[in-house]
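Structure data (mmCIF, C-alpha atoms) from run-v4.cif:
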data_protein
loop_
_atom_site.label_atom_id
_atom_site.label_comp_id
_atom_site.auth_asym_id
_atom_site.auth_seq_id
_atom_site.Cartn_x
_atom_site.Cartn_y
_atom_site.Cartn_z
CA MET A 11 32.37 6.38 19.25
CA LYS A 12 34.99 7.73 21.71
CA TYR A 13 33.64 11.25 21.17
CA LEU A 14 29.98 10.27 21.72
CA GLY A 15 29.91 11.82 25.19
CA LEU A 16 31.21 15.12 23.83
CA ILE A 17 28.63 15.07 21.01
CA LEU A 18 25.80 14.39 23.47
CA SER A 19 27.00 17.23 25.72
CA ASN A 20 26.89 19.62 22.78
CA LEU A 21 23.34 18.58 21.93
CA LYS A 22 22.26 19.15 25.53
CA ARG A 23 23.42 22.76 25.58
CA LYS A 24 20.31 24.13 23.90
CA LYS A 25 17.78 21.54 24.98
CA LEU A 26 14.72 23.33 23.59
CA ARG A 27 16.28 23.93 20.19
CA THR A 28 17.50 20.34 19.99
CA ALA A 29 14.10 18.99 21.05
CA LEU A 30 12.18 21.12 18.54
CA THR A 31 14.51 20.18 15.69
CA ALA A 32 14.31 16.48 16.56
CA LEU A 33 10.52 16.74 16.84
CA SER A 34 10.31 18.34 13.38
CA ILE A 35 12.36 15.49 11.94
CA LEU A 36 10.24 12.93 13.82
CA VAL A 37 7.02 14.35 12.34
CA ALA A 38 8.52 14.30 8.84
CA PHE A 39 9.39 10.60 9.11
CA VAL A 40 6.01 9.69 10.61
CA LEU A 41 4.50 11.38 7.55
CA PHE A 42 6.90 9.41 5.36
CA GLY A 43 5.67 6.14 6.89
CA PHE A 44 1.99 6.96 6.46
CA LEU A 45 2.44 8.17 2.90
CA ALA A 46 4.24 4.91 2.08
CA ALA A 47 1.26 3.01 3.51
CA VAL A 48 -1.18 5.18 1.55
CA ARG A 49 0.73 4.47 -1.66
CA VAL A 50 0.38 0.73 -0.98
CA ALA A 51 -3.31 1.22 -0.15
CA PHE A 52 -4.03 2.94 -3.47
CA SER A 53 -2.27 0.13 -5.34
CA GLN A 54 -4.93 -2.22 -3.85
CA GLY A 55 -2.70 -5.26 -3.69
CA VAL A 56 -0.95 -4.81 -7.06
CA ALA A 57 2.29 -5.93 -5.39
CA VAL A 58 0.87 -9.43 -4.86
CA ALA A 59 -1.06 -9.66 -8.13
CA GLY A 60 -0.44 -12.97 -9.83
CA VAL A 61 2.13 -12.81 -12.63
CA ASP A 62 0.37 -15.77 -14.24
CA ARG A 63 -3.08 -14.13 -14.21
CA LEU A 64 -4.77 -12.02 -16.84
CA VAL A 65 -7.93 -9.96 -16.57
CA VAL A 66 -10.20 -10.14 -19.61
CA ARG A 67 -12.87 -7.45 -19.84
CA HIS A 68 -15.04 -5.82 -22.49
CA LYS A 69 -12.95 -3.81 -24.93
CA VAL A 70 -15.11 -0.70 -24.58
CA SER A 71 -15.50 -0.53 -20.80
CA ILE A 72 -15.47 -2.73 -17.73
CA ILE A 73 -19.13 -1.85 -17.14
CA GLN A 74 -20.02 -3.68 -20.38
CA PHE A 75 -20.81 -7.38 -19.94
CA LEU A 76 -19.28 -10.45 -21.50
CA PRO A 77 -21.17 -13.67 -22.34
CA ALA A 78 -20.74 -16.50 -19.84
CA SER A 79 -20.00 -18.78 -22.79
CA TYR A 80 -16.64 -17.06 -23.31
CA GLY A 81 -15.18 -19.09 -20.46
CA ASP A 82 -15.45 -22.42 -22.32
CA ARG A 83 -13.91 -20.90 -25.44
CA MET A 84 -10.98 -19.51 -23.45
CA HIS A 85 -10.28 -22.91 -21.92
CA GLN A 86 -9.78 -24.29 -25.42
CA LEU A 87 -7.04 -21.79 -26.28
CA GLU A 88 -3.43 -22.90 -26.09
CA GLY A 89 -1.66 -21.64 -23.00
CA VAL A 90 -4.81 -21.11 -20.90
CA ASP A 91 -4.87 -23.13 -17.67
CA LEU A 92 -8.03 -21.77 -16.02
CA ALA A 93 -10.66 -19.10 -16.65
CA VAL A 94 -13.14 -17.92 -14.02
CA HIS A 95 -15.56 -15.02 -14.10
CA ALA A 96 -16.74 -12.38 -11.65
CA THR A 97 -19.34 -9.61 -11.77
CA TRP A 98 -19.54 -6.33 -9.89
CA PHE A 99 -22.53 -6.34 -7.54
CA GLY A 100 -22.24 -2.83 -6.08
CA GLY A 101 -24.65 -3.19 -3.15
CA ILE A 102 -24.97 -1.11 0.02
CA TYR A 103 -24.57 -2.43 3.54
CA GLN A 104 -26.44 -0.19 6.01
CA LYS A 105 -25.25 3.07 4.39
CA PRO A 106 -23.44 4.10 1.17
CA SER A 107 -20.22 5.01 3.00
CA ASN A 108 -19.77 1.35 4.07
CA PHE A 109 -18.06 0.54 0.81
CA PHE A 110 -16.53 -2.86 0.04
CA ALA A 111 -16.40 -4.97 -3.10
CA GLN A 112 -19.08 -7.65 -3.55
CA MET A 113 -18.94 -10.17 -6.40
CA PRO A 114 -20.72 -13.38 -7.39
CA VAL A 115 -18.26 -16.15 -8.35
CA GLU A 116 -18.11 -19.91 -8.80
CA PRO A 117 -16.57 -21.04 -5.47
CA GLU A 118 -14.21 -23.86 -6.36
CA PRO A 119 -12.60 -22.42 -9.52
CA PHE A 120 -12.42 -19.01 -7.86
CA LEU A 121 -10.45 -20.33 -4.86
CA ASP A 122 -8.26 -22.30 -7.26
CA MET A 123 -7.54 -19.10 -9.18
CA PHE A 124 -6.61 -17.17 -6.02
CA PRO A 125 -4.48 -19.43 -3.80
CA GLU A 126 -3.48 -16.38 -1.74
CA TYR A 127 -6.99 -16.45 -0.22
CA ILE A 128 -6.76 -18.88 2.70
CA LEU A 129 -10.10 -20.39 3.67
CA ASP A 130 -10.60 -23.12 6.27
CA PRO A 131 -11.60 -26.44 4.59
CA GLU A 132 -14.74 -26.67 6.74
CA GLU A 133 -15.74 -23.16 5.72
CA LYS A 134 -15.10 -24.01 2.08
CA ALA A 135 -17.33 -27.07 2.41
CA ALA A 136 -20.03 -24.92 4.01
CA TRP A 137 -19.81 -22.47 1.11
CA LEU A 138 -20.24 -25.27 -1.40
CA ALA A 139 -23.23 -26.62 0.52
CA THR A 140 -25.02 -23.31 1.16
CA ARG A 141 -26.69 -21.72 -1.85
CA THR A 142 -26.98 -18.33 -0.17
CA GLY A 143 -23.54 -18.68 1.42
CA ALA A 144 -20.85 -16.01 1.20
CA ILE A 145 -17.27 -15.53 2.34
CA VAL A 146 -15.57 -12.28 3.30
CA GLY A 147 -12.06 -11.06 3.93
CA ARG A 148 -10.78 -10.67 7.49
CA VAL A 149 -10.49 -6.86 7.17
CA THR A 150 -14.16 -6.36 6.28
CA ALA A 151 -15.33 -8.92 8.85
CA GLU A 152 -13.49 -7.09 11.62
CA ARG A 153 -14.63 -3.73 10.31
CA PHE A 154 -18.31 -4.60 10.78
CA GLY A 155 -17.97 -7.12 13.58
CA TRP A 156 -19.24 -10.00 11.45
CA LYS A 157 -18.85 -13.60 12.52
CA ILE A 158 -19.59 -16.91 10.84
CA GLY A 159 -23.30 -17.67 10.93
CA ASP A 160 -24.39 -14.03 10.57
CA ARG A 161 -27.10 -13.10 8.08
CA ILE A 162 -25.77 -10.22 5.96
CA PRO A 163 -28.39 -7.98 4.29
CA ILE A 164 -27.19 -5.97 1.28
CA GLN A 165 -29.31 -3.48 -0.63
CA ALA A 166 -28.79 -3.72 -4.40
CA THR A 167 -28.13 -0.61 -6.46
CA ILE A 168 -27.85 -2.43 -9.79
CA TRP A 169 -29.20 -5.95 -9.51
CA ASN A 170 -32.90 -6.10 -8.66
CA LYS A 171 -34.31 -9.52 -7.83
CA LYS A 172 -36.95 -11.23 -9.93
CA ASP A 173 -39.56 -10.56 -7.27
CA GLY A 174 -38.98 -6.82 -7.71
CA THR A 175 -37.16 -6.28 -4.43
CA ARG A 176 -33.63 -4.92 -3.93
CA ALA A 177 -32.88 -6.67 -0.63
CA TRP A 178 -30.40 -9.54 -0.90
CA GLU A 179 -29.50 -11.65 2.13
CA PHE A 180 -26.45 -13.86 2.46
CA ASP A 181 -25.33 -16.38 5.06
CA LEU A 182 -21.74 -15.74 6.13
CA VAL A 183 -20.09 -19.17 6.08
CA GLY A 184 -16.39 -18.27 5.88
CA ILE A 185 -13.77 -15.60 6.62
CA TYR A 186 -10.62 -15.80 4.55
CA ASP A 187 -7.10 -14.60 5.35
CA GLY A 188 -4.14 -13.75 3.13
CA ALA A 189 -1.21 -16.02 2.40
CA GLU A 190 1.09 -13.01 2.26
CA LYS A 191 1.18 -9.41 3.40
CA GLY A 192 -0.54 -7.07 0.99
CA THR A 193 -3.35 -9.46 0.04
CA ASP A 194 -6.64 -7.59 -0.30
CA LEU A 195 -8.84 -8.90 2.53
CA SER A 196 -11.84 -6.67 1.92
CA GLY A 197 -13.78 -8.64 -0.69
CA PHE A 198 -17.21 -10.22 -0.21
CA PHE A 199 -17.88 -13.19 -2.51
CA PHE A 200 -21.10 -15.15 -2.96
CA ARG A 201 -22.28 -17.91 -5.26
CA GLN A 202 -22.89 -17.33 -8.95
CA ASP A 203 -25.72 -19.88 -9.15
CA TYR A 204 -27.71 -18.06 -6.45
CA PHE A 205 -27.08 -14.74 -8.21
CA GLU A 206 -28.04 -16.17 -11.61
CA GLU A 207 -31.36 -17.62 -10.44
CA ALA A 208 -32.41 -14.56 -8.43
CA ARG A 209 -31.39 -11.56 -10.57
CA ALA A 210 -34.08 -9.89 -12.64
CA TRP A 211 -31.99 -9.28 -15.75
CA GLY A 212 -28.63 -10.00 -17.39
CA GLU A 213 -28.85 -13.78 -17.32
CA GLY A 214 -25.99 -15.43 -19.16
CA ASN A 215 -23.69 -12.43 -18.84
CA VAL A 216 -20.75 -11.77 -16.51
CA GLY A 217 -18.55 -8.80 -15.72
CA TRP A 218 -15.04 -10.01 -16.55
CA TYR A 219 -12.77 -13.05 -16.51
CA TYR A 220 -9.64 -13.97 -14.62
CA VAL A 221 -7.44 -16.19 -16.76
CA ARG A 222 -4.47 -18.18 -15.47
CA VAL A 223 -1.81 -18.95 -18.05
CA LYS A 224 0.32 -22.07 -18.00
CA ASP A 225 3.55 -20.16 -18.63
CA PRO A 226 3.84 -16.60 -17.25
CA ASP A 227 6.48 -15.85 -19.90
CA GLN A 228 3.80 -16.44 -22.54
CA ALA A 229 1.20 -14.18 -20.89
CA ALA A 230 1.39 -11.51 -23.61
CA GLN A 231 0.89 -14.06 -26.38
CA VAL A 232 -2.06 -15.65 -24.56
CA ALA A 233 -3.63 -12.22 -24.08
CA GLN A 234 -3.33 -11.55 -27.82
CA ALA A 235 -4.83 -14.96 -28.60
CA ILE A 236 -7.83 -14.29 -26.36
CA ASP A 237 -8.51 -10.90 -27.92
CA ALA A 238 -8.11 -12.39 -31.41
CA GLU A 239 -10.60 -15.15 -30.53
CA PHE A 240 -13.33 -12.61 -29.83
CA ALA A 241 -12.37 -10.00 -32.41
CA ASN A 242 -15.28 -8.69 -34.52
CA SER A 243 -17.79 -10.24 -32.12
CA PRO A 244 -20.57 -8.22 -30.43
CA ALA A 245 -18.49 -8.26 -27.23
CA GLU A 246 -14.82 -7.81 -28.10
CA THR A 247 -12.32 -8.18 -25.26
CA LYS A 248 -9.28 -6.46 -23.82
CA SER A 249 -6.85 -8.72 -21.97
CA GLU A 250 -4.08 -7.44 -19.70
CA PRO A 251 -1.97 -8.65 -16.76
CA GLU A 252 -3.77 -8.50 -13.44
CA GLY A 253 -1.17 -6.10 -12.03
CA ALA A 254 -1.74 -3.63 -14.87
CA PHE A 255 -5.51 -3.94 -14.43
CA VAL A 256 -5.32 -3.18 -10.70
CA GLN A 257 -2.85 -0.36 -11.23
CA GLY A 258 -5.20 1.14 -13.79
CA PHE A 259 -7.87 1.49 -11.12
CA ALA A 260 -5.38 3.18 -8.80
CA ASN A 261 -4.32 5.59 -11.53
CA GLN A 262 -7.89 6.79 -12.00
CA VAL A 263 -7.33 9.19 -9.10
CA GLY A 264 -3.96 10.29 -10.52
CA ASN A 265 -0.35 9.19 -10.36
CA ILE A 266 -0.29 8.51 -6.63
CA ALA A 267 3.41 7.68 -6.54
CA ARG A 268 4.32 10.98 -8.18
CA ILE A 269 1.99 12.98 -5.94
CA LEU A 270 3.39 11.41 -2.78
CA THR A 271 6.97 11.87 -4.00
CA ALA A 272 6.30 15.59 -4.55
CA ILE A 273 4.84 15.94 -1.05
CA LEU A 274 7.76 14.12 0.56
CA ALA A 275 10.29 16.14 -1.44
CA ALA A 276 8.76 19.39 -0.18
CA VAL A 277 8.66 18.12 3.41
CA PHE A 278 12.24 16.85 3.42
CA PHE A 279 13.58 19.99 1.77
CA THR A 280 11.98 22.03 4.55
CA ILE A 281 13.36 19.71 7.24
CA LEU A 282 16.80 19.89 5.58
CA LEU A 283 16.73 23.67 5.89
CA ILE A 284 15.70 23.44 9.55
CA ALA A 285 18.37 20.90 10.45
CA GLY A 286 21.03 22.72 8.44
CA ASN A 287 20.18 26.02 10.08
CA THR A 288 20.37 24.39 13.52
CA MET A 289 23.83 23.00 12.83
CA ALA A 290 25.09 26.24 11.30
CA GLN A 291 23.91 28.16 14.36
CA THR A 292 25.55 25.60 16.63
CA VAL A 293 28.92 26.06 14.92
CA ARG A 294 28.67 29.85 15.04
CA GLU A 295 28.00 29.74 18.77
CA ARG A 296 31.00 27.49 19.44
CA ILE A 297 33.69 28.96 17.19
CA SER A 298 35.99 29.80 20.08
CA GLU A 299 35.48 26.35 21.65
CA LEU A 300 36.29 24.63 18.38
CA ALA A 301 39.43 26.72 18.15
CA VAL A 302 40.43 25.60 21.67
CA LEU A 303 39.87 21.96 20.65
CA LYS A 304 42.22 22.45 17.74
CA ALA A 305 44.72 24.18 19.99
CA VAL A 306 44.84 21.23 22.41
CA GLY A 307 45.47 18.73 19.66
CA PHE A 308 42.22 17.91 17.82
CA THR A 309 42.88 17.50 14.12
CA ASP A 310 40.84 19.16 11.40
CA ARG A 311 39.36 15.76 10.56
CA ALA A 312 38.38 15.17 14.20
CA VAL A 313 36.60 18.54 14.41
CA LEU A 314 34.79 17.80 11.15
CA GLY A 315 33.74 14.42 12.55
CA LEU A 316 32.45 15.98 15.77
CA VAL A 317 30.14 18.42 13.99
CA LEU A 318 29.04 15.89 11.38
CA GLY A 319 28.44 13.29 14.10
CA GLU A 320 26.31 15.78 16.01
CA SER A 321 24.22 16.40 12.90
CA CYS A 322 23.79 12.68 12.20
CA LEU A 323 22.92 11.92 15.81
CA LEU A 324 20.31 14.68 15.87
CA THR A 325 18.64 13.51 12.67
CA GLY A 326 19.07 9.88 13.73
CA ILE A 327 17.19 10.43 17.00
CA GLY A 328 14.31 12.24 15.30
CA GLY A 329 14.24 10.13 12.13
CA LEU A 330 14.51 6.68 13.68
CA LEU A 331 11.97 7.53 16.36
CA GLY A 332 9.66 8.81 13.63
CA LEU A 333 10.00 5.62 11.60
CA ALA A 334 9.45 3.50 14.71
CA LEU A 335 6.38 5.50 15.69
CA ALA A 336 4.97 5.24 12.15
CA TRP A 337 5.55 1.47 12.18
CA VAL A 338 3.77 1.06 15.52
CA LEU A 339 0.82 3.27 14.59
CA ILE A 340 0.32 1.63 11.20
CA THR A 341 0.77 -1.91 12.53
CA VAL A 342 -1.30 -1.54 15.69
CA LYS A 343 -3.94 0.99 14.62
CA GLY A 344 -4.11 -0.05 10.99
CA ASP A 345 -6.17 1.87 8.47
CA PRO A 346 -6.99 5.29 10.01
CA THR A 347 -10.01 5.67 7.69
CA GLY A 348 -11.81 2.72 9.27
CA GLY A 349 -11.92 0.55 6.19
CA ALA A 350 -11.47 2.73 3.11
CA PHE A 351 -8.01 1.22 2.64
CA PRO A 352 -8.29 -2.59 2.75
CA VAL A 353 -4.53 -2.93 2.18
CA PHE A 354 -2.63 -0.68 4.60
CA TYR A 355 0.84 -1.43 5.93
CA PHE A 356 4.38 0.02 6.08
CA PRO A 357 6.40 -1.88 3.44
CA ILE A 358 9.83 -3.14 4.50
CA PRO A 359 11.55 -1.66 1.39
CA ASP A 360 10.15 1.77 2.27
CA LEU A 361 11.33 1.35 5.85
CA VAL A 362 14.85 0.68 4.54
CA ILE A 363 14.59 3.74 2.31
CA GLY A 364 13.51 5.75 5.35
CA ILE A 365 16.59 4.67 7.32
CA PHE A 366 18.77 5.61 4.33
CA LEU A 367 17.08 9.04 4.20
CA VAL A 368 17.84 9.55 7.90
CA VAL A 369 21.55 9.10 7.19
CA VAL A 370 21.45 11.28 4.07
CA LEU A 371 19.60 14.03 5.91
CA GLY A 372 22.16 14.01 8.71
CA VAL A 373 25.13 14.18 6.34
CA VAL A 374 23.65 16.85 4.04
CA ALA A 375 22.44 19.03 6.92
CA GLY A 376 25.82 18.87 8.68
CA ILE A 377 28.33 18.87 5.83
CA LEU A 378 28.61 22.64 5.31
CA PRO A 379 28.86 23.52 9.03
CA SER A 380 31.36 20.66 9.43
CA VAL A 381 33.57 21.95 6.64
CA GLN A 382 33.33 25.45 8.11
CA ALA A 383 34.48 24.11 11.47
CA GLN A 384 37.29 22.12 9.84
CA ARG A 385 38.67 25.22 8.09
CA LEU A 386 38.72 27.40 11.20
CA GLN A 387 42.06 29.07 11.85
CA ILE A 388 42.89 28.97 15.56
CA ALA A 389 44.16 32.54 15.82
CA ASP A 390 41.30 34.05 13.83
CA ALA A 391 38.67 32.04 15.74
CA LEU A 392 40.03 33.02 19.18
CA ARG A 393 39.90 36.74 18.27
CA ARG A 394 36.14 36.56 17.61
#

Output the file's structure in the form of structure tokens.
Amino acid sequence: MKYLGLILSNLKRKKLRTALTALSILVAFVLFGFLAAVRVAFSQGVAVAGVDRLVVRHKVSIIQFLPASYGDRMHQLEGVDLAVHATWFGGIYQKPSNFFAQMPVEPEPFLDMFPEYILDPEEKAAWLATRTGAIVGRVTAERFGWKIGDRIPIQATIWNKKDGTRAWEFDLVGIYDGAEKGTDLSGFFFRQDYFEEARAWGEGNVGWYYVRVKDPDQAAQVAQAIDAEFANSPAETKSEPEGAFVQGFANQVGNIARILTAILAAVFFTILLIAGNTMAQTVRERISELAVLKAVGFTDRAVLGLVLGESCLLTGIGGLLGLALAWVLITVKGDPTGGAFPVFYFPIPDLVIGIFLVVVLGVVAGILPSVQAQRLQIADALRR
């Protein structure tokens, strides 16, 4: 730290070059932050998926239905604590681009299954008392400016009503929040009994089941037991952990983690070349000065530390500012798409990785110029 003033003075010599290099590093780490948030967004809450929950769907495809009677049979299996069903509604609010998930469910068992959904007791009571009632996540409510008491019209694309119309209307009676960061707060849930009595077809069928197991360590065995129970039936099942089910949806657009890693690797390799070139040029310009420092008593190790410290300080300024800016933009502005990503935040583990990358970038970019400066011979350097 006693040489900090000297390091800062060296950085100030070529202010434009220092500023442009730091700005390049800043942009790279802002990109790192947003790509980390995008990775979380595509996982759609897989990080907080219940380890004690299974998803049971039709063996052929999730668009195939399961009988509603399967729920009672699942409850009788050893190791099953609770089974609740849901069905994809797939309606349109105002225009097709206003996408959010809508599902009919049975209110009480559904909220029991998902304790991470926090709903005010009065709002829960209103949902139980209102046949056309619905609840929605905070993200979607804020996206459309909805408030409790609003009448929400949704145009069906799949489920016509018995009267031949496609217009469904719901009374918004509750807005739920998440018990932890990463909870998907975009869902719109309404009552199964209202859906069952009004839909024109498909009575007695549901989309899939959520099953809570008594012992998470026995989840695989319970999944096998469920599939065995319905083997050779007209609607065979496929049971899997909720996390795997959610991740499967994310993987439909490709291996997001691998894609983002490739992008970041290319960006950081380019930034490494820029920072390394800046430090190499700095050493070349100051060869005679470094020789004078050695002549007046600076050791080889001290000269190496000066150049390496300059590299780390340069990348530290740009990198840490970039991470801070990414954190502020993601936290304050949120999802830049306006709702396409219901889960969008900068994970703490990725922030720690970013800080580690700042240090690594500084050391790698400065190590070769530092070693070059350390090996300078005083007489040879002064003759240049």

Reference answer for the PyMOL selection byres ((chain A and resi 179) around 9), as an MDAnalysis selection string: chainID A and resid 142 161:165 177:178 180:181

Residues within 12 Å of Val338 of chain A, only C-alpha atoms, excluding chain neighbours under 3 positions, as JSON, numbers by chain: {"A": [40, 43, 44, 331, 332, 333, 334, 335, 341, 342, 343, 344, 355, 356]}

Explicit residues for the PyMOL selection byres ((chain A and resi 74) around 10) (as a PyMOL selection string): chain A and resi 67-73+75-76+215-218+245

Interatomic distance, atom CA of Ser380 of chain A to atom CA of Asp310 of chain A (Å, one decimal): 9.8 Å

Distance criterion (only C-alpha atoms): nearest to Gly15 of chain A out of A:Leu323, A:Leu314, A:Val90, A:Leu367: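 Comparing A:Leu323, A:Leu314, A:Val90, A:Leu367 against Gly15 of chain A, the winner is A:Leu323.
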
Atomic separation - atom CA of Gly364 of chain A relative to atom CA of Phe42 of chain A, Å: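 Computing the Euclidean distance for atom CA of Phe42 of chain A and atom CA of Gly364 of chain A yields 7.6 Å.
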
Shortest interatomic distance to Val115 of chain A - which of A:Val94, A:Val48, A:Leu195, A:Val317, counting only C-alpha atoms: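 Between A:Val94, A:Val48, A:Leu195, A:Val317, the residue approaching Val115 of chain A most closely is A:Val94.
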
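One distance worth recording is that between atom CA of Leu316 of chain A and atom CA of Thr292 of chain A, which is 11.9 Å.
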
Nearest residue to Gly328 of chain A from the set A:Gly81, A:His95, A:Val368, A:Met123 (distances using only C-alpha atoms):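 Of all the options, A:Val368 lies closest to Gly328 of chain A.
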
Counting all atoms listed in the file, the residue of A:Asp194, A:Glu250, A:Glu133, A:Asp237 that sits nearest Tyr80 of chain A: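 Using all atoms listed in the file, the shortest distance to Tyr80 of chain A belongs to A:Asp237.
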
Picked residues, the PyMOL selection byres ((chain A and resi 168) around 7), expected as a PyMOL selection string: chain A and resi 99-100+166-167+169-170

Near-Arg201 of chain A list (7 Å; all atoms listed in the file; drop same-chain fewer than 4 positions) as an MDAnalysis selection string: chainID A and resid 114:117 141:144 205

Residue neighbourhood Ile145 of chain A, 9 Å, all atoms listed in the file, exclusion window fewer than 3 positions, as JSON, numbers by chain: {"A": [129, 133, 134, 137, 158, 181, 182, 183, 184, 185, 186, 197, 198, 199, 200]}

Test item: residues at most 10 Å from Ser196 of chain A, all atoms listed in the file, excluding those fewer than 2 positions along its chain, as a PyMOL selection string: chain A and resi 109-112+146-153+186-187+193-194+198-199+349-353

Residue contacts of Leu324 of chain A (12 Å, all atoms listed in the file) excluding same-chain residues fewer than 2 positions away, as a PyMOL selection string: chain A and resi 17-18+20-22+25+27-36+284-286+288-289+317-322+326-331+368-369+371-373+375-376

Taking the point (13.5, 19.1, 0.5) as given in the file, collect each protein or nucleic acid residue that comes within 12 Å of it, counting all atoms listed in the file, and present the set as a JSON list (two decimals) with C-alpha atoms, keeping the file's coordinate frame.
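The resulting file, point-v9.json, is shown below:
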[["chain", "number", "residue", "atom", "x", "y", "z"],
["A", 38, "ALA", "CA", 8.52, 14.30, 8.84],
["A", 271, "THR", "CA", 6.97, 11.87, -4.00],
["A", 272, "ALA", "CA", 6.30, 15.59, -4.55],
["A", 273, "ILE", "CA", 4.84, 15.94, -1.05],
["A", 274, "LEU", "CA", 7.76, 14.12, 0.56],
["A", 275, "ALA", "CA", 10.29, 16.14, -1.44],
["A", 276, "ALA", "CA", 8.76, 19.39, -0.18],
["A", 277, "VAL", "CA", 8.66, 18.12, 3.41],
["A", 278, "PHE", "CA", 12.24, 16.85, 3.42],
["A", 279, "PHE", "CA", 13.58, 19.99, 1.77],
["A", 280, "THR", "CA", 11.98, 22.03, 4.55],
["A", 281, "ILE", "CA", 13.36, 19.71, 7.24],
["A", 282, "LEU", "CA", 16.80, 19.89, 5.58],
["A", 283, "LEU", "CA", 16.73, 23.67, 5.89],
["A", 284, "ILE", "CA", 15.70, 23.44, 9.55],
["A", 285, "ALA", "CA", 18.37, 20.90, 10.45],
["A", 286, "GLY", "CA", 21.03, 22.72, 8.44],
["A", 367, "LEU", "CA", 17.08, 9.04, 4.20],
["A", 370, "VAL", "CA", 21.45, 11.28, 4.07],
["A", 371, "LEU", "CA", 19.60, 14.03, 5.91],
["A", 374, "VAL", "CA", 23.65, 16.85, 4.04],
["A", 375, "ALA", "CA", 22.44, 19.03, 6.92]]

Among the residues A:Met84, A:Gln387, A:Asn242, A:Val66, the one that comes closest to Ala305 of chain A [using only C-alpha atoms]: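 Of A:Met84, A:Gln387, A:Asn242, A:Val66, the one nearest Ala305 of chain A, counting only C-alpha atoms, is A:Gln387.
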
Residue nearest Ala233 of chain A among A:Leu270, A:Leu45, A:Leu26, A:Val221 (counting only C-alpha atoms):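 Ranked by minimum distance to Ala233 of chain A, first place goes to A:Val221.
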